[in-house]
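Novice: This is the structure I have questions about; it appears just below.
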Amino acid sequence: MRVVEVADDAGLDAFVRLGQDTHGGMAVPLAERTVRAWHRGRHPHPHPITLLLALDGDSPVGRAIVHRDDRLDARLGTRALVFGALEAAGPAVVDALLDDVEGRAAAAGAHELFGPAQLLPNQSGGVITAGFDERGFLDAAWNPPWLPEALEARGMQRWYEADTWIVDVVDEDGPSVAELDAAGIRIDEVTRFGLDRGLRALLPLLNDSFALLPYFTPFSRGELRTQTAGLWLLHEPGLFLIARDEDDHPLAFVVAVLDASPVLQRSGGRMGPREAWSVAARRAELRREAVLVIQGARPDSQGKGIVSLLSRRLHANLAELGCRTLRSTPVGRQNPGSARQFSRFGGRPLHATTYYRKPLAPAAP
């Protein structure tokens with residue numbers, strides 16, 4: 001078995017195909033346009049991204065990306081080589097890929113490996129370590145049970161463990177005008193036509209809200225634009241909410257979308273005109289399930305019940321759409337306040353997730 005860099009369109013096509021295996025409908029492929037943008041350098045990430053293929057003879061059997069980021073190094077207090085987009089036919093393939101990645105790390109003077117992340121932990125990534133019988137969904141990982149064992153056998157250590165959540169939508173009235181007045185807020189329901197304005201408000205609000213989390217590196221405008229590309233297609237009225245104070249300053253937010261996992265699974269991660277038509281044609285069906293992509297509040301607005309008010313409005317809006325189930329991307333176990341937004345509605349953890357870190361021995365002089 002050997003590992004090579006993706007150097008041409010044939011290699012890129014093989015890399016993409018490896019990510020189209022949904023493991024019997026359990027995993028959701030990464031967006032194909034994102035993978036191709038990585039290879040062509042058409043992305044806002046400040047450093048190059050290298051795509052790797054593991055070959056058994058001439059047959060592709062695994063893949064990964066490697067990259068680094070000064071912002072993450074500063075956050076973690078280290079110099080890390082990050083790997084991600086990991087797909088492998090079995091533990092031996094993971095070993096081959098990580099042998100190559102560790103060699104690259106040594107050559108680059110990295111002190112540790114970190115991953116999996118696509119591209120940074122504030123964007124997507126991680127490995128699930130429990131809940132393997134529950135399907136993955138939009139922006140959430142799914143992997144076979146042997147993967148965490150294979151990574152830990154190489155000395156990788158769990159870091160920032162978290163859980164995805166699932167909750168049945170609660171069909172109740174949202175917060176009253178009196179409750180909003182008592183909290184000193186109004187709720188701005190971002191429309192499809194107002195998405196650009198909503199995203200402009202979201203950028204500083206998002207960066208402030210998560211500044212204290214140990215993995216978080218602030219989004220640039222380009223990164224947020226890339227992360228939310230196609231949001232208009234999965235948006236429904238009442239799913240993107242911003243709490244504003246009496247002076248119209250944004251204080252907190254929730255962003256949910258329709259779960260387009262079935263469309264992405266069938267298309268292998270493509271979201272072109274045909275898939276957009278499929279989303280439109282299956283709108284009523286897709287409205288039954290939604291994904292809470294992110295929620296938060298500025299530090300000086302946390303612990304005041306504002307996110308709870310947003311959550312109640314979100315549930316009321318979801319129920320009005322006919323949505324039955326809300327899933328959430330990972331919530332860190334160091335962040336019990338966010339987890340309470342699901343447990344108070346009768347939710348339960350779905351997948352246990354983690355990132356991995358591995359210190360590397362210094363290179364020999």
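To be explicit about the labels: the chains of the structure tokens are called A, B, and onward in the order shown, and within each one the residues are counted from 1, while ligands get numbers from 1 in the order they are shown.
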If you run DSSP on this backbone, which residues of region 174-352 of chain A come out as helix (DSSP H, G or I), and could you give them as a short mmCIF file (atom, residue, chain, number, x, y, z; two decimals) with C-alpha atoms, in the first residue's frame?

Specialist:
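That gives us out.cif:
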```cif
data_model
loop_
_atom_site.label_atom_id
_atom_site.label_comp_id
_atom_site.auth_asym_id
_atom_site.auth_seq_id
_atom_site.Cartn_x
_atom_site.Cartn_y
_atom_site.Cartn_z
CA VAL A 177 -44.71 39.56 23.88
CA ALA A 178 -44.62 40.10 27.64
CA GLU A 179 -41.77 37.60 28.03
CA LEU A 180 -39.77 39.27 25.28
CA ASP A 181 -40.39 42.69 26.79
CA ALA A 182 -39.27 41.43 30.19
CA ALA A 183 -36.03 40.17 28.62
CA LEU A 195 -30.04 36.34 4.40
CA ASP A 196 -27.16 38.60 3.36
CA ARG A 197 -28.07 41.12 6.05
CA GLY A 198 -28.59 38.34 8.58
CA LEU A 199 -25.20 36.81 7.84
CA ARG A 200 -23.49 40.20 8.19
CA ALA A 201 -25.02 40.49 11.65
CA LEU A 202 -24.15 36.88 12.45
CA LEU A 203 -20.39 37.12 11.81
CA PRO A 204 -19.33 39.29 14.80
CA LEU A 205 -22.09 37.77 16.95
CA LEU A 206 -20.87 34.25 16.23
CA ASN A 207 -17.22 35.10 16.85
CA ASP A 208 -18.01 36.85 20.15
CA SER A 209 -20.33 34.07 21.34
CA ARG A 221 -16.00 36.84 6.19
CA GLY A 222 -14.89 34.46 3.43
CA GLU A 223 -14.99 31.41 5.69
CA LEU A 224 -18.51 32.19 6.88
CA ARG A 225 -19.62 32.77 3.30
CA THR A 226 -18.17 29.40 2.30
CA GLN A 227 -19.66 27.67 5.36
CA LEU A 231 -28.13 28.25 2.95
CA TRP A 232 -30.89 29.89 0.90
CA LEU A 233 -31.83 26.49 -0.54
CA LEU A 234 -32.40 24.86 2.89
CA SER A 261 -29.08 14.44 4.00
CA PRO A 262 -31.15 12.16 1.69
CA VAL A 263 -30.46 14.41 -1.30
CA LEU A 264 -26.71 14.58 -0.61
CA GLN A 265 -26.51 10.83 -0.05
CA ARG A 266 -28.14 10.07 -3.39
CA SER A 267 -26.01 12.61 -5.25
CA PRO A 273 -29.26 22.30 -10.39
CA ARG A 274 -30.62 18.73 -10.40
CA GLU A 275 -30.25 18.44 -6.63
CA ALA A 276 -31.74 21.91 -6.11
CA TRP A 277 -34.76 20.77 -8.10
CA SER A 278 -34.94 17.63 -5.95
CA VAL A 279 -34.94 19.76 -2.78
CA ALA A 280 -37.74 21.89 -4.21
CA ALA A 281 -39.75 18.85 -5.34
CA ARG A 283 -39.82 20.24 0.18
CA ALA A 284 -42.80 18.88 2.11
CA GLU A 285 -40.91 15.68 2.97
CA LEU A 286 -37.70 17.51 3.91
CA PRO A 299 -20.79 36.51 26.71
CA ASP A 300 -22.61 39.38 28.44
CA SER A 301 -25.97 37.96 27.30
CA ILE A 306 -32.35 34.64 25.83
CA VAL A 307 -31.32 31.47 23.97
CA SER A 308 -34.17 29.64 25.72
CA LEU A 309 -36.62 32.19 24.31
CA LEU A 310 -35.12 31.71 20.85
CA SER A 311 -35.36 27.93 21.23
CA ARG A 312 -39.05 28.16 22.13
CA ARG A 313 -39.73 30.36 19.10
CA LEU A 314 -37.75 27.93 16.92
CA HIS A 315 -39.84 24.97 18.11
CA ALA A 316 -43.07 26.88 17.49
CA ASN A 317 -41.91 27.77 13.97
CA LEU A 318 -40.79 24.19 13.26
CA ALA A 319 -44.13 22.82 14.42
CA GLU A 320 -45.92 25.26 12.14
CA LEU A 321 -43.85 23.93 9.21
CA PRO A 336 -23.87 22.35 29.68
CA GLY A 337 -25.91 25.50 29.10
CA SER A 338 -26.24 24.69 25.39
CA ALA A 339 -27.12 21.06 26.15
CA ARG A 340 -29.97 22.24 28.40
CA GLN A 341 -31.64 23.79 25.36
CA PHE A 342 -32.29 20.21 24.22
CA SER A 343 -32.80 18.34 27.48
#
```

Novice: Rounded to one decimal, what separation in Å do you get between CA of Gly269 (chain A) and CA of Leu241 (chain A)?

Specialist: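 Separation between CA of Gly269 (chain A) and CA of Leu241 (chain A): 27.4 Å.
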
Novice: Would you please work out which residue, of A:Lys358, A:Leu119, A:Trp142, A:His43, is nearest to Val101 (chain A) when using only C-alpha atoms?

Specialist: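 When distances to Val101 (chain A) are compared using only C-alpha atoms, the smallest one comes from A:Lys358.
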
Novice: Write out as number ranges by chain each polymer residue whose atoms come within 9 Å of Leu76 (chain A), counting only C-alpha atoms; drop sequence neighbours fewer than 5 positions from it.

Specialist: A: 71, 214-215

Novice: Ranking A:Ala243, A:Ala140, A:Ala352, A:Pro145 by minimum distance to Ile187 (chain A) and counting only C-alpha atoms, which one comes first?

Specialist: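 Answer, going by the shortest atom-to-atom distance: A:Ala243.
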